[in-house]
$ cat work_15.txt   # compact mmCIF, C-alpha atoms
# COMPACT_ATOMS: atom_id res chain seq x y z
CA MET S 1 -26.79 -12.21 -27.39
CA ALA S 2 -28.01 -10.68 -24.12
CA ASP S 3 -29.82 -7.36 -24.28
CA TRP S 4 -28.06 -5.19 -21.70
CA SER S 5 -30.81 -2.57 -21.91
CA GLN S 6 -33.22 -5.06 -20.32
CA LEU S 7 -31.30 -5.76 -17.12
CA PRO S 8 -33.59 -5.77 -14.06
CA LYS S 9 -33.63 -2.57 -12.04
CA GLU S 10 -32.44 -4.46 -8.94
CA ILE S 11 -29.24 -5.55 -10.69
CA LEU S 12 -28.64 -2.06 -12.08
CA SER S 13 -28.97 -0.64 -8.57
CA VAL S 14 -26.36 -3.09 -7.24
CA ILE S 15 -23.97 -2.12 -10.06
CA ALA S 16 -24.50 1.59 -9.42
CA GLU S 17 -23.74 1.21 -5.72
CA ARG S 18 -20.26 -0.04 -6.63
CA LEU S 19 -19.44 3.02 -8.74
CA ASP S 20 -17.45 5.27 -6.43
CA SER S 21 -16.64 7.89 -9.08
CA PRO S 22 -19.08 10.56 -10.30
CA PHE S 23 -17.55 10.13 -13.73
CA TYR S 24 -18.37 6.41 -13.87
CA MET S 25 -21.89 7.14 -12.65
CA LEU S 26 -22.33 9.65 -15.47
CA ARG S 27 -21.21 7.09 -18.04
CA PHE S 28 -23.44 4.44 -16.45
CA ARG S 29 -26.52 6.65 -16.81
CA SER S 30 -25.55 7.48 -20.40
CA VAL S 31 -25.87 3.87 -21.64
CA CYS S 32 -29.61 4.06 -22.39
CA SER S 33 -32.86 5.56 -21.13
CA TRP S 34 -33.67 2.46 -19.03
CA TRP S 35 -30.35 2.57 -17.19
CA ARG S 36 -30.73 6.33 -16.67
CA SER S 37 -34.25 6.03 -15.25
CA SER S 38 -33.29 3.09 -13.00
CA VAL S 39 -30.72 5.05 -11.01
CA SER S 40 -31.15 8.61 -9.78
CA PRO S 41 -28.22 10.98 -10.26
CA ARG S 42 -26.19 11.60 -7.14
CA PRO S 43 -26.34 15.18 -5.92
CA LEU S 44 -23.04 16.99 -6.22
CA LEU S 45 -21.27 17.44 -2.91
CA ARG S 46 -21.31 21.12 -1.98
CA LEU S 47 -18.04 22.09 -0.31
CA PRO S 48 -17.45 25.31 1.60
CA GLY S 49 -16.21 28.18 -0.51
CA ARG S 50 -13.32 28.77 1.87
CA PHE S 51 -11.29 26.72 4.34
CA PRO S 52 -9.28 28.33 7.15
CA PHE S 53 -5.52 28.47 6.99
CA LEU S 54 -3.46 25.93 8.86
CA GLN S 55 -1.89 27.35 11.99
CA CYS S 56 1.73 28.54 11.79
CA ASP S 57 1.71 28.87 8.01
CA GLY S 58 3.16 32.38 8.20
CA ILE S 59 0.03 34.16 6.96
CA THR S 60 -2.36 35.61 9.53
CA ASP S 61 -4.64 37.91 7.50
CA SER S 62 -8.16 36.66 8.22
CA SER S 63 -9.35 37.63 4.71
CA TRP S 64 -7.19 34.86 3.26
CA GLY S 65 -7.97 31.19 3.29
CA PHE S 66 -7.94 27.99 1.24
CA HIS S 67 -10.08 26.99 -1.72
CA LEU S 68 -10.34 23.26 -2.46
CA SER S 69 -10.32 21.95 -6.03
CA ARG S 70 -10.69 18.41 -7.30
CA ARG S 71 -8.60 16.87 -10.09
CA SER S 72 -8.97 13.52 -11.86
CA ILE S 73 -6.38 11.49 -13.75
CA PHE S 74 -7.90 9.87 -16.83
CA LEU S 75 -6.55 7.30 -19.25
CA ILE S 76 -8.32 7.82 -22.57
CA ALA S 77 -8.18 5.23 -25.34
CA THR S 78 -9.68 5.04 -28.79
CA THR S 79 -12.43 2.60 -29.66
CA ASP S 80 -11.63 2.74 -33.37
CA PRO S 81 -9.56 -0.29 -34.45
CA ARG S 82 -8.80 1.51 -37.72
CA SER S 83 -6.86 4.26 -35.96
CA GLN S 84 -3.40 4.67 -37.48
CA SER S 85 -1.98 6.48 -34.45
CA SER S 86 1.10 4.93 -32.87
CA ASN S 87 -0.24 5.70 -29.40
CA SER S 88 -3.54 4.05 -28.48
CA SER S 89 -3.90 5.74 -25.07
CA TRP S 90 -3.49 9.19 -23.58
CA LEU S 91 -2.85 9.99 -19.88
CA VAL S 92 -4.06 13.40 -18.70
CA LYS S 93 -5.11 15.22 -15.52
CA VAL S 94 -8.28 17.32 -15.56
CA GLU S 95 -9.20 20.07 -13.10
CA GLU S 96 -12.65 21.62 -12.91
CA LEU S 97 -12.37 25.40 -12.80
CA TYR S 98 -16.13 25.83 -12.54
CA PRO S 99 -19.11 23.77 -13.86
CA ASN S 100 -18.53 22.50 -17.41
CA ARG S 101 -15.20 24.30 -17.66
CA MET S 102 -11.98 22.41 -17.09
CA ARG S 103 -8.27 22.55 -17.86
CA LEU S 104 -5.61 19.95 -18.64
CA LEU S 105 -2.50 19.36 -16.53
CA ASN S 106 0.60 17.20 -16.52
CA PRO S 107 -0.61 13.93 -14.90
CA LEU S 108 2.30 13.88 -12.42
CA SER S 109 2.68 17.56 -11.55
CA ARG S 110 0.77 20.80 -10.99
CA ILE S 111 1.73 22.34 -14.34
CA GLN S 112 -0.98 23.16 -16.89
CA LEU S 113 -0.59 21.79 -20.44
CA ARG S 114 -0.30 24.77 -22.74
CA PRO S 115 -0.17 25.73 -25.45
CA MET S 116 -2.14 22.85 -26.89
CA PRO S 117 -1.65 21.86 -30.56
CA THR S 118 -3.71 23.97 -32.95
CA SER S 119 -5.41 20.77 -34.10
CA PHE S 120 -6.62 19.98 -30.58
CA PRO S 121 -10.43 20.12 -30.42
CA ASN S 122 -12.34 22.82 -28.59
CA THR S 123 -14.62 20.27 -26.97
CA MET S 124 -14.68 16.57 -26.34
CA ASN S 125 -17.37 13.90 -26.01
CA LEU S 126 -15.86 11.16 -23.85
CA THR S 127 -18.61 8.70 -24.74
CA HIS S 128 -16.64 8.19 -27.97
CA PHE S 129 -13.68 6.77 -26.05
CA ILE S 130 -12.67 4.10 -23.57
CA VAL S 131 -11.98 5.99 -20.35
CA PHE S 132 -10.42 4.83 -17.07
CA GLU S 133 -10.29 7.10 -14.04
CA LEU S 134 -6.96 6.10 -12.50
CA GLY S 135 -6.91 8.50 -9.59
CA GLN S 136 -8.24 11.62 -7.91
CA GLU S 137 -6.47 14.38 -6.06
CA TYR S 138 -7.57 17.39 -4.05
CA VAL S 139 -5.55 20.59 -3.97
CA LEU S 140 -5.74 23.57 -1.60
CA HIS S 141 -5.29 26.96 -3.26
CA TYR S 142 -4.44 30.10 -1.34
CA MET S 143 -7.19 32.69 -1.74
CA ASN S 144 -6.11 36.35 -2.20
CA TYR S 145 -2.48 35.24 -2.04
CA ARG S 146 -0.27 34.74 -5.06
CA PRO S 147 3.46 35.09 -4.38
CA PHE S 148 5.64 34.58 -7.46
CA GLY S 149 2.45 34.21 -9.48
CA ASP S 150 3.96 35.47 -12.72
CA ALA S 151 7.16 33.44 -12.41
CA PHE S 152 5.81 30.15 -11.15
CA GLY S 153 2.31 30.04 -12.60
CA ASP S 154 -0.05 27.94 -10.49
CA LEU S 155 2.73 26.97 -8.05
CA GLY S 156 2.64 30.32 -6.30
CA ASN S 157 -1.03 29.82 -5.48
CA LEU S 158 -0.88 26.28 -4.05
CA TYR S 159 -0.51 24.80 -0.61
CA MET S 160 2.29 22.38 -1.44
CA GLU S 161 1.51 19.40 0.80
CA LYS S 162 -0.64 16.51 -0.38
CA VAL S 163 -4.31 16.54 0.70
CA VAL S 164 -6.70 13.57 0.85
CA PHE S 165 -10.47 13.87 0.98
CA MET S 166 -13.20 11.60 2.34
CA SER S 167 -16.97 12.06 2.19
CA SER S 168 -19.60 10.22 4.23
CA GLY S 169 -21.11 8.68 1.10
CA CYS S 170 -24.69 9.33 2.19
CA GLY S 171 -25.46 11.02 -1.11
CA GLY S 172 -26.72 14.41 0.12
CA ILE S 173 -25.38 17.74 -0.99
CA GLU S 174 -24.61 18.60 2.64
CA GLU S 175 -22.99 15.26 3.49
CA ALA S 176 -20.13 15.16 5.97
CA PHE S 177 -16.55 15.26 4.72
CA SER S 178 -13.01 15.23 6.09
CA LEU S 179 -9.60 16.40 4.85
CA LEU S 180 -6.22 15.06 5.96
CA THR S 181 -2.88 16.69 5.17
CA ILE S 182 0.61 17.17 6.60
CA HIS S 183 1.29 20.29 8.64
CA VAL S 184 4.49 22.31 8.17
CA SER S 185 5.72 20.75 11.44
CA GLY S 186 5.51 17.26 9.90
CA LYS S 187 2.47 16.37 12.00
CA LEU S 188 -0.89 15.33 10.57
CA ALA S 189 -3.70 17.89 10.35
CA MET S 190 -7.42 17.16 9.86
CA PHE S 191 -10.38 19.34 8.94
CA LYS S 192 -13.95 18.04 9.17
CA SER S 193 -17.22 19.56 7.99
CA GLY S 194 -18.54 21.80 10.72
CA ASP S 195 -15.07 22.61 12.08
CA LYS S 196 -13.90 26.20 12.44
CA ARG S 197 -10.22 25.35 12.23
CA TRP S 198 -7.79 22.54 11.43
CA THR S 199 -6.87 20.11 14.20
CA ILE S 200 -3.23 19.10 14.60
CA ILE S 201 -2.71 15.43 15.53
CA HIS S 202 0.27 15.28 17.85
CA ASP S 203 1.25 11.66 17.21
CA MET S 204 4.64 12.05 15.49
CA PRO S 205 7.62 9.83 16.34
CA SER S 206 8.98 11.04 12.99
CA PRO S 207 7.70 13.65 10.47
CA TYR S 208 5.11 12.27 8.07
CA ASP S 209 5.89 11.84 4.38
CA ASP S 210 2.57 10.91 2.75
CA VAL S 211 -1.16 10.46 3.30
CA ALA S 212 -3.65 8.36 1.35
CA LEU S 213 -7.26 7.23 1.25
CA PHE S 214 -7.43 3.43 1.10
CA GLN S 215 -10.64 1.39 1.29
CA GLY S 216 -12.54 4.34 2.72
CA GLU S 217 -10.06 5.14 5.51
CA PHE S 218 -7.20 7.57 6.02
CA TYR S 219 -3.64 6.19 6.12
CA ALA S 220 -0.37 8.01 6.71
CA VAL S 221 3.30 7.04 6.58
CA ASP S 222 6.27 8.81 8.14
CA GLY S 223 9.87 9.11 6.97
CA THR S 224 10.82 5.79 8.57
CA GLY S 225 8.03 3.83 6.89
CA ARG S 226 5.91 3.61 10.05
CA ALA S 227 2.30 3.55 8.84
CA VAL S 228 -0.85 4.44 10.76
CA LEU S 229 -4.59 4.42 10.23
CA VAL S 230 -6.08 7.80 11.14
CA GLY S 231 -9.60 7.75 12.53
CA LEU S 232 -12.11 10.57 12.20
CA SER S 233 -12.04 10.91 15.98
CA LEU S 234 -8.33 11.81 15.59
CA ASP S 235 -7.15 8.46 16.98
CA VAL S 236 -4.06 6.94 15.37
CA THR S 237 -3.59 3.16 15.07
CA LEU S 238 -0.31 1.52 14.04
CA VAL S 239 -0.72 -0.69 10.95
CA ALA S 240 2.94 -1.29 9.99
CA GLU S 241 6.30 -0.96 11.69
CA SER S 242 9.10 1.12 10.21
CA VAL S 243 11.06 0.22 7.09
CA TYR S 244 14.37 2.09 7.22
CA GLY S 245 16.49 2.78 4.18
CA GLY S 246 15.10 5.27 1.70
CA ASP S 247 14.63 9.03 1.89
CA LYS S 248 11.04 9.61 0.76
CA LYS S 249 7.98 7.38 1.23
CA PHE S 250 4.89 7.17 -1.01
CA LEU S 251 1.61 5.30 -0.47
CA VAL S 252 0.02 3.77 -3.59
CA GLU S 253 -3.11 1.68 -3.96
CA SER S 254 -2.56 -1.10 -6.48
CA ASN S 255 -4.66 -4.11 -7.39
CA GLY S 256 -6.68 -3.93 -4.17
CA GLY S 257 -3.66 -3.59 -1.85
CA LEU S 258 -1.70 -0.74 -0.32
CA LEU S 259 1.92 -0.36 -1.39
CA LEU S 260 4.78 1.63 0.09
CA VAL S 261 7.28 2.99 -2.43
CA ASP S 262 10.61 3.94 -0.86
CA MET S 263 12.61 6.47 -2.89
CA TYR S 264 16.38 6.69 -2.39
CA LEU S 265 17.91 10.08 -3.15
CA SER S 266 21.42 11.32 -3.88
CA ALA S 267 22.55 14.96 -4.07
CA GLY S 268 23.88 16.14 -7.41
CA ASP S 269 25.82 19.07 -8.84
CA VAL S 270 24.26 22.06 -10.56
CA PHE S 271 24.27 21.75 -14.34
CA VAL S 272 25.96 24.81 -15.88
CA GLY S 273 26.46 23.80 -19.49
CA ASP S 274 29.59 24.10 -21.63
CA ASP S 275 29.95 27.91 -21.61
CA GLU S 276 32.62 28.99 -19.09
CA ASP S 277 31.29 32.57 -19.12
CA ILE S 278 27.70 31.59 -18.34
CA ASP S 279 25.98 33.74 -15.71
CA VAL S 280 25.06 31.74 -12.59
CA GLU S 281 21.78 33.66 -12.23
CA GLU S 282 20.86 32.66 -15.77
CA VAL S 283 21.57 29.05 -14.89
CA PHE S 284 19.14 29.16 -12.00
CA ASP S 285 16.56 30.78 -14.28
CA GLN S 286 16.68 27.52 -16.22
CA TYR S 287 17.62 24.87 -13.66
CA VAL S 288 17.31 24.35 -9.94
CA ALA S 289 19.55 21.64 -8.58
CA GLY S 290 18.17 19.15 -6.10
CA GLU S 291 18.38 15.54 -5.07
CA ARG S 292 18.26 12.90 -7.77
CA ALA S 293 16.34 9.66 -7.29
CA VAL S 294 18.76 6.74 -7.68
CA ARG S 295 16.61 3.69 -6.82
CA PHE S 296 13.32 2.49 -5.38
CA LYS S 297 12.02 -0.32 -3.23
CA VAL S 298 8.38 -1.41 -3.12
CA PHE S 299 6.56 -3.02 -0.18
CA ARG S 300 3.05 -4.42 0.31
CA LEU S 301 1.08 -3.86 3.51
CA ASP S 302 0.50 -7.01 5.57
CA ILE S 303 -2.30 -5.78 7.83
CA GLU S 304 -2.45 -8.89 10.02
CA GLY S 305 1.32 -8.92 10.56
CA LYS S 306 1.52 -5.12 10.91
CA ARG S 307 4.50 -5.01 8.59
CA TRP S 308 5.65 -4.11 5.12
CA VAL S 309 6.61 -7.05 2.89
CA GLU S 310 9.03 -6.29 0.06
CA VAL S 311 7.69 -6.75 -3.47
CA GLU S 312 10.40 -7.59 -5.98
CA ASN S 313 8.16 -7.83 -9.02
CA LEU S 314 5.04 -5.80 -9.82
CA ARG S 315 4.42 -8.06 -12.84
CA ASP S 316 1.98 -6.24 -15.13
CA ARG S 317 1.50 -3.22 -12.87
CA VAL S 318 2.95 0.26 -13.38
CA LEU S 319 3.13 2.79 -10.52
CA PHE S 320 2.88 6.56 -11.00
CA LEU S 321 4.18 8.93 -8.30
CA GLY S 322 2.77 12.44 -8.71
CA ASP S 323 2.98 15.59 -6.62
CA ASP S 324 -0.54 15.26 -5.24
CA CYS S 325 -1.63 11.76 -6.22
CA ALA S 326 0.00 8.34 -6.59
CA PHE S 327 -1.84 5.74 -8.66
CA SER S 328 -1.31 2.52 -10.58
CA ALA S 329 -2.49 0.84 -13.76
CA SER S 330 -2.08 -2.45 -15.55
CA VAL S 331 -0.21 -2.87 -18.81
CA ALA S 332 -3.47 -3.93 -20.46
CA GLU S 333 -5.12 -0.66 -19.42
CA LEU S 334 -2.21 1.51 -20.53
CA SER S 335 -1.77 0.04 -23.99
CA LEU S 336 -4.26 -1.78 -26.17
CA SER S 337 -1.33 -2.94 -28.31
CA GLY S 338 0.49 -4.41 -25.30
CA CYS S 339 3.77 -2.61 -26.10
CA ILE S 340 4.23 -1.13 -22.60
CA LYS S 341 6.43 -2.90 -20.10
CA GLY S 342 5.20 -3.58 -16.56
CA ASN S 343 7.15 -3.68 -13.28
CA CYS S 344 8.08 0.01 -13.55
CA VAL S 345 7.69 3.20 -11.51
CA LEU S 346 7.17 6.59 -13.17
CA PHE S 347 8.05 9.64 -11.08
CA THR S 348 9.03 13.30 -11.24
CA ASP S 349 12.74 13.88 -10.71
CA ASN S 350 13.78 16.79 -8.48
CA PHE S 351 17.34 16.98 -9.86
CA PHE S 352 16.55 19.50 -12.58
CA TYR S 353 13.73 21.98 -12.95
CA THR S 354 13.54 23.76 -16.28
CA TRP S 355 11.44 26.75 -17.25
CA GLY S 356 12.68 26.85 -20.82
CA GLU S 357 10.64 26.33 -23.98
CA GLU S 358 12.85 23.77 -25.68
CA GLY S 359 10.51 20.95 -24.73
CA SER S 360 12.95 18.12 -25.22
CA GLY S 361 14.24 17.98 -21.69
CA SER S 362 11.36 17.87 -19.28
CA GLY S 363 9.01 15.00 -19.13
CA GLY S 364 8.12 14.62 -22.75
CA SER S 365 9.34 13.74 -26.19
CA GLY S 366 11.00 16.29 -28.42
CA GLY S 367 8.83 18.88 -30.07
CA SER S 368 6.58 19.49 -27.08
CA ASP S 369 7.16 23.25 -27.42
CA GLY S 370 7.60 23.70 -23.70
CA VAL S 371 4.26 22.15 -22.77
CA PHE S 372 5.95 19.71 -20.39
CA LYS S 373 8.24 22.25 -18.75
CA GLY S 374 8.97 21.41 -15.13
CA ARG S 375 10.74 18.53 -13.44
CA ASP S 376 11.80 15.61 -15.58
CA ILE S 377 9.57 12.57 -15.61
CA CYS S 378 11.65 9.41 -15.30
CA VAL S 379 11.06 5.66 -15.46
CA PHE S 380 12.53 3.24 -12.93
CA ASP S 381 12.69 -0.41 -14.05
CA LEU S 382 12.47 -2.84 -11.13
CA ASP S 383 13.82 -5.65 -13.32
CA ASN S 384 17.30 -4.17 -13.67
CA GLY S 385 17.29 -1.11 -11.39
CA SER S 386 17.82 1.34 -14.24
CA ILE S 387 16.43 4.88 -14.45
CA ALA S 388 15.72 6.53 -17.81
CA HIS S 389 14.18 9.83 -18.81
CA LEU S 390 10.70 9.65 -20.25
CA ALA S 391 11.96 10.97 -23.59
CA ASP S 392 14.15 7.83 -23.85
CA CYS S 393 11.16 5.52 -23.28
CA PRO S 394 8.90 6.09 -26.30
CA GLU S 395 6.35 3.49 -25.19
CA TYR S 396 5.74 5.61 -22.07
CA SER S 397 6.33 9.10 -23.47
CA LYS S 398 3.52 8.56 -25.98
CA LEU S 399 1.13 8.24 -23.05
CA PHE S 400 1.88 11.86 -22.08
CA TRP S 401 2.59 13.92 -25.19
CA PRO S 402 1.56 14.79 -27.82
CA PRO S 403 -2.19 14.06 -27.75
CA PRO S 404 -3.01 11.22 -30.15
CA ASP S 405 -4.24 12.05 -33.64
CA TRP S 406 -7.54 10.29 -32.98
CA VAL S 407 -8.44 12.89 -30.33
CA ALA S 408 -8.53 15.63 -32.95
CA ALA S 409 -10.30 13.37 -35.44
CA THR S 410 -13.25 12.71 -33.14
CA ASN S 411 -16.52 14.60 -33.49
CA LEU S 412 -16.62 16.95 -30.48
CA THR S 413 -19.57 18.46 -28.65
CA VAL S 414 -18.75 20.56 -25.55
CA GLN S 415 -17.44 24.16 -25.75
CA ASN S 416 -14.03 25.11 -24.41
CA GLN S 417 -10.66 26.69 -25.21
CA PHE S 418 -7.65 24.92 -26.75
CA GLU S 419 -5.90 24.44 -23.43
CA GLU S 420 -9.02 23.34 -21.53
CA LEU S 421 -11.17 20.23 -21.63
CA ALA S 422 -14.84 20.00 -20.73
CA LEU S 423 -16.29 16.71 -19.55
$ encode --input "work_15.txt" --output "structure tokens"
Amino acid sequence: MADWSQLPKEILSVIAERLDSPFYMLRFRSVCSWWRSSVSPRPLLRLPGRFPFLQCDGITDSSWGFHLSRRSIFLIATTDPRSQSSNSSWLVKVEELYPNRMRLLNPLSRIQLRPMPTSFPNTMNLTHFIVFELGQEYVLHYMNYRPFGDAFGDLGNLYMEKVVFMSSGCGGIEEAFSLLTIHVSGKLAMFKSGDKRWTIIHDMPSPYDDVALFQGEFYAVDGTGRAVLVGLSLDVTLVAESVYGGDKKFLVESNGGLLLVDMYLSAGDVFVGDDEDIDVEEVFDQYVAGERAVRFKVFRLDIEGKRWVEVENLRDRVLFLGDDCAFSASVAELSLSGCIKGNCVLFTDNFFYTWGEEGSGSGGSGGSDGVFKGRDICVFDLDNGSIAHLADCPEYSKLFWPPPDWVAATNLTVQNQFEELAL
């Protein structure tokens, strides 16, 4: 058997160069002393403490601004074949509040997971698990501005459009970086290190729906499906013509390619329950009606043909559409037991929004004690076009909640609170 600890330094350096995640680099250097000494740790990128507001956002006080935070979506699996837990993997989003202090969130939304089970460990050593980093997202928080903070939790403190981040990759703590987002006007907006303000890009045949970082470059798609590559010099290059039909477009990287997910929406009625005397204001305290997703289409980017090609079968891939990050995973990654079905899309449904503590309605299985309050998480099956709530798909709901028993059974080493996770 080969001794991995004796790999030549040249080969280790080549491997390390292909690790684009700080988390994977940390695990790489944790293998043994030889691996750690062969590759120097990358300095942490130091971002400005405050970003300026976007123009025309309705807030002009110069003491306010944006703070940028980074979140990672992890799939954590047990390495113990003796585990008796029915769920072998756990999907969770982690946000760093400050060094060595993090909190857990719903993987597809901005809602923090709390309260955590009393058996959940204070700290966690991820070297005891198999860990995949499925995606990263960057979120802009309003500084010194918290409307509806008590009622909406973190939502009142967030800039609500998706943000994508790109660094120069030179490895220095002062390396160049760029941010791309969608302005309130529907146009693209970019901020680069050294800038004093955001720059609005005025190319907009139609308002933009989504932005993404794919193979080290910025991409954007508008409401018609027209996709562009956005250069750091603010130039915009067409990469795919429009695909008309749906109401909301998402960009997802999957298996080395870029996919377009087209969501079709249909308006629905407000749910008021069975009580004829129910107060309408009380209804809206529990539910906010919106548009319900009724079907999806998926397309793959054909760069040479500058077009989207419809994909009728994702085979073993599963797509996840979150508020700030869309990502994908294989069936093999999601379940060591192979009980999860591929060719599906998981998404947050805007039809109902619940703030109650019942826990059985919103994005989780029964008994979640309100941890997964928020919009329902649903599963769309491309095989038959059906949509089901996550609670009705136990093979998927186990990925989200509750945390597997083997998490609590593991010997833990980093200090934290029940609702927070330190990496």
$ closest_residue --input "work_15.txt" --among "S:Trp34, S:Ser109, S:Lys249, S:Arg295" --to "Leu265 (chain S)" --atoms "all atoms listed in the file"
S:Arg295
$ residues_around --input "work_15.txt" --residues "Asn255 (chain S)" --least-positions-apart "5" --cutoff "9 Å" --atoms "all atoms listed in the file" --output "PyMOL selection string"
chain S and resi 317+328-330
$ closest_residue --input "work_15.txt" --among "S:Asp247, S:Glu333, S:Glu10, S:Asp323" --to "Glu291 (chain S)" --atoms "all atoms listed in the file"
S:Asp247
$ axis_aligned_box --input "work_15.txt" --around "region 109-120 of chain S" --padding-each-side "4 Å" --output "JSON"
{"center_x": -2.0, "center_y": 21.6, "center_z": -22.5, "size_x": 17.3, "size_y": 16.2, "size_z": 31.1}
$ closest_residue --input "work_15.txt" --among "S:Phe129, S:Tyr159, S:Phe218, S:Phe250" --to "Arg300 (chain S)" --atoms "all atoms listed in the file"
S:Phe250
$ residues_around --input "work_15.txt" --residues "Gly305 (chain S)" --least-positions-apart "5" --cutoff "12 Å" --atoms "all atoms listed in the file" --output "list in words"
Leu238, Val239, Ala240, Glu241 and Arg300 of chain S
$ write_last_selection --input "work_15.txt" --atoms "C-alpha atoms" --output "mmCIF file, keeping the file's coordinate frame"
data_model
loop_
_atom_site.group_PDB
_atom_site.id
_atom_site.type_symbol
_atom_site.label_atom_id
_atom_site.label_comp_id
_atom_site.auth_asym_id
_atom_site.auth_seq_id
_atom_site.Cartn_x
_atom_site.Cartn_y
_atom_site.Cartn_z
ATOM 1 C CA LEU S 238 -0.310 1.520 14.040
ATOM 2 C CA VAL S 239 -0.720 -0.690 10.950
ATOM 3 C CA ALA S 240 2.940 -1.290 9.990
ATOM 4 C CA GLU S 241 6.300 -0.960 11.690
ATOM 5 C CA ARG S 300 3.050 -4.420 0.310
#
$ closest_residue --input "work_15.txt" --among "S:Ile73, S:Gly186, S:Trp35, S:Arg197" --to "Leu54 (chain S)" --atoms "only C-alpha atoms"
S:Arg197
$ residues_around --input "work_15.txt" --residues "region 179-181 of chain S" --least-positions-apart "4" --cutoff "10 Å" --atoms "all atoms listed in the file" --output "PDB file with C-alpha atoms, keeping the file's coordinate frame"
ATOM      1  CA  LEU S  54      -3.460  25.930   8.860  1.00  0.00           C
ATOM      2  CA  TYR S 138      -7.570  17.390  -4.050  1.00  0.00           C
ATOM      3  CA  GLU S 161       1.510  19.400   0.800  1.00  0.00           C
ATOM      4  CA  LYS S 162      -0.640  16.510  -0.380  1.00  0.00           C
ATOM      5  CA  VAL S 163      -4.310  16.540   0.700  1.00  0.00           C
ATOM      6  CA  VAL S 164      -6.700  13.570   0.850  1.00  0.00           C
ATOM      7  CA  PHE S 165     -10.470  13.870   0.980  1.00  0.00           C
ATOM      8  CA  MET S 166     -13.200  11.600   2.340  1.00  0.00           C
ATOM      9  CA  SER S 167     -16.970  12.060   2.190  1.00  0.00           C
ATOM     10  CA  GLY S 186       5.510  17.260   9.900  1.00  0.00           C
ATOM     11  CA  LYS S 187       2.470  16.370  12.000  1.00  0.00           C
ATOM     12  CA  LEU S 188      -0.890  15.330  10.570  1.00  0.00           C
ATOM     13  CA  ALA S 189      -3.700  17.890  10.350  1.00  0.00           C
ATOM     14  CA  MET S 190      -7.420  17.160   9.860  1.00  0.00           C
ATOM     15  CA  PHE S 191     -10.380  19.340   8.940  1.00  0.00           C
ATOM     16  CA  LYS S 192     -13.950  18.040   9.170  1.00  0.00           C
ATOM     17  CA  SER S 193     -17.220  19.560   7.990  1.00  0.00           C
ATOM     18  CA  TRP S 198      -7.790  22.540  11.430  1.00  0.00           C
ATOM     19  CA  THR S 199      -6.870  20.110  14.200  1.00  0.00           C
ATOM     20  CA  ILE S 200      -3.230  19.100  14.600  1.00  0.00           C
ATOM     21  CA  TYR S 208       5.110  12.270   8.070  1.00  0.00           C
ATOM     22  CA  ASP S 210       2.570  10.910   2.750  1.00  0.00           C
ATOM     23  CA  VAL S 211      -1.160  10.460   3.300  1.00  0.00           C
ATOM     24  CA  ALA S 212      -3.650   8.360   1.350  1.00  0.00           C
ATOM     25  CA  LEU S 213      -7.260   7.230   1.250  1.00  0.00           C
ATOM     26  CA  PHE S 218      -7.200   7.570   6.020  1.00  0.00           C
ATOM     27  CA  TYR S 219      -3.640   6.190   6.120  1.00  0.00           C
ATOM     28  CA  ALA S 220      -0.370   8.010   6.710  1.00  0.00           C
ATOM     29  CA  VAL S 230      -6.080   7.800  11.140  1.00  0.00           C
ATOM     30  CA  LEU S 232     -12.110  10.570  12.200  1.00  0.00           C
TER      31      LEU S 232
END
$ residues_around --input "work_15.txt" --residues "Ala77 (chain S)" --least-positions-apart "3" --cutoff "6 Å" --atoms "all atoms listed in the file" --output "ChimeraX atom specification"
/S:88-89,129-130
$ closest_residue --input "work_15.txt" --among "S:Ile377, S:Val139, S:Leu258, S:Cys393" --to "Gln215 (chain S)" --atoms "all atoms listed in the file"
S:Leu258
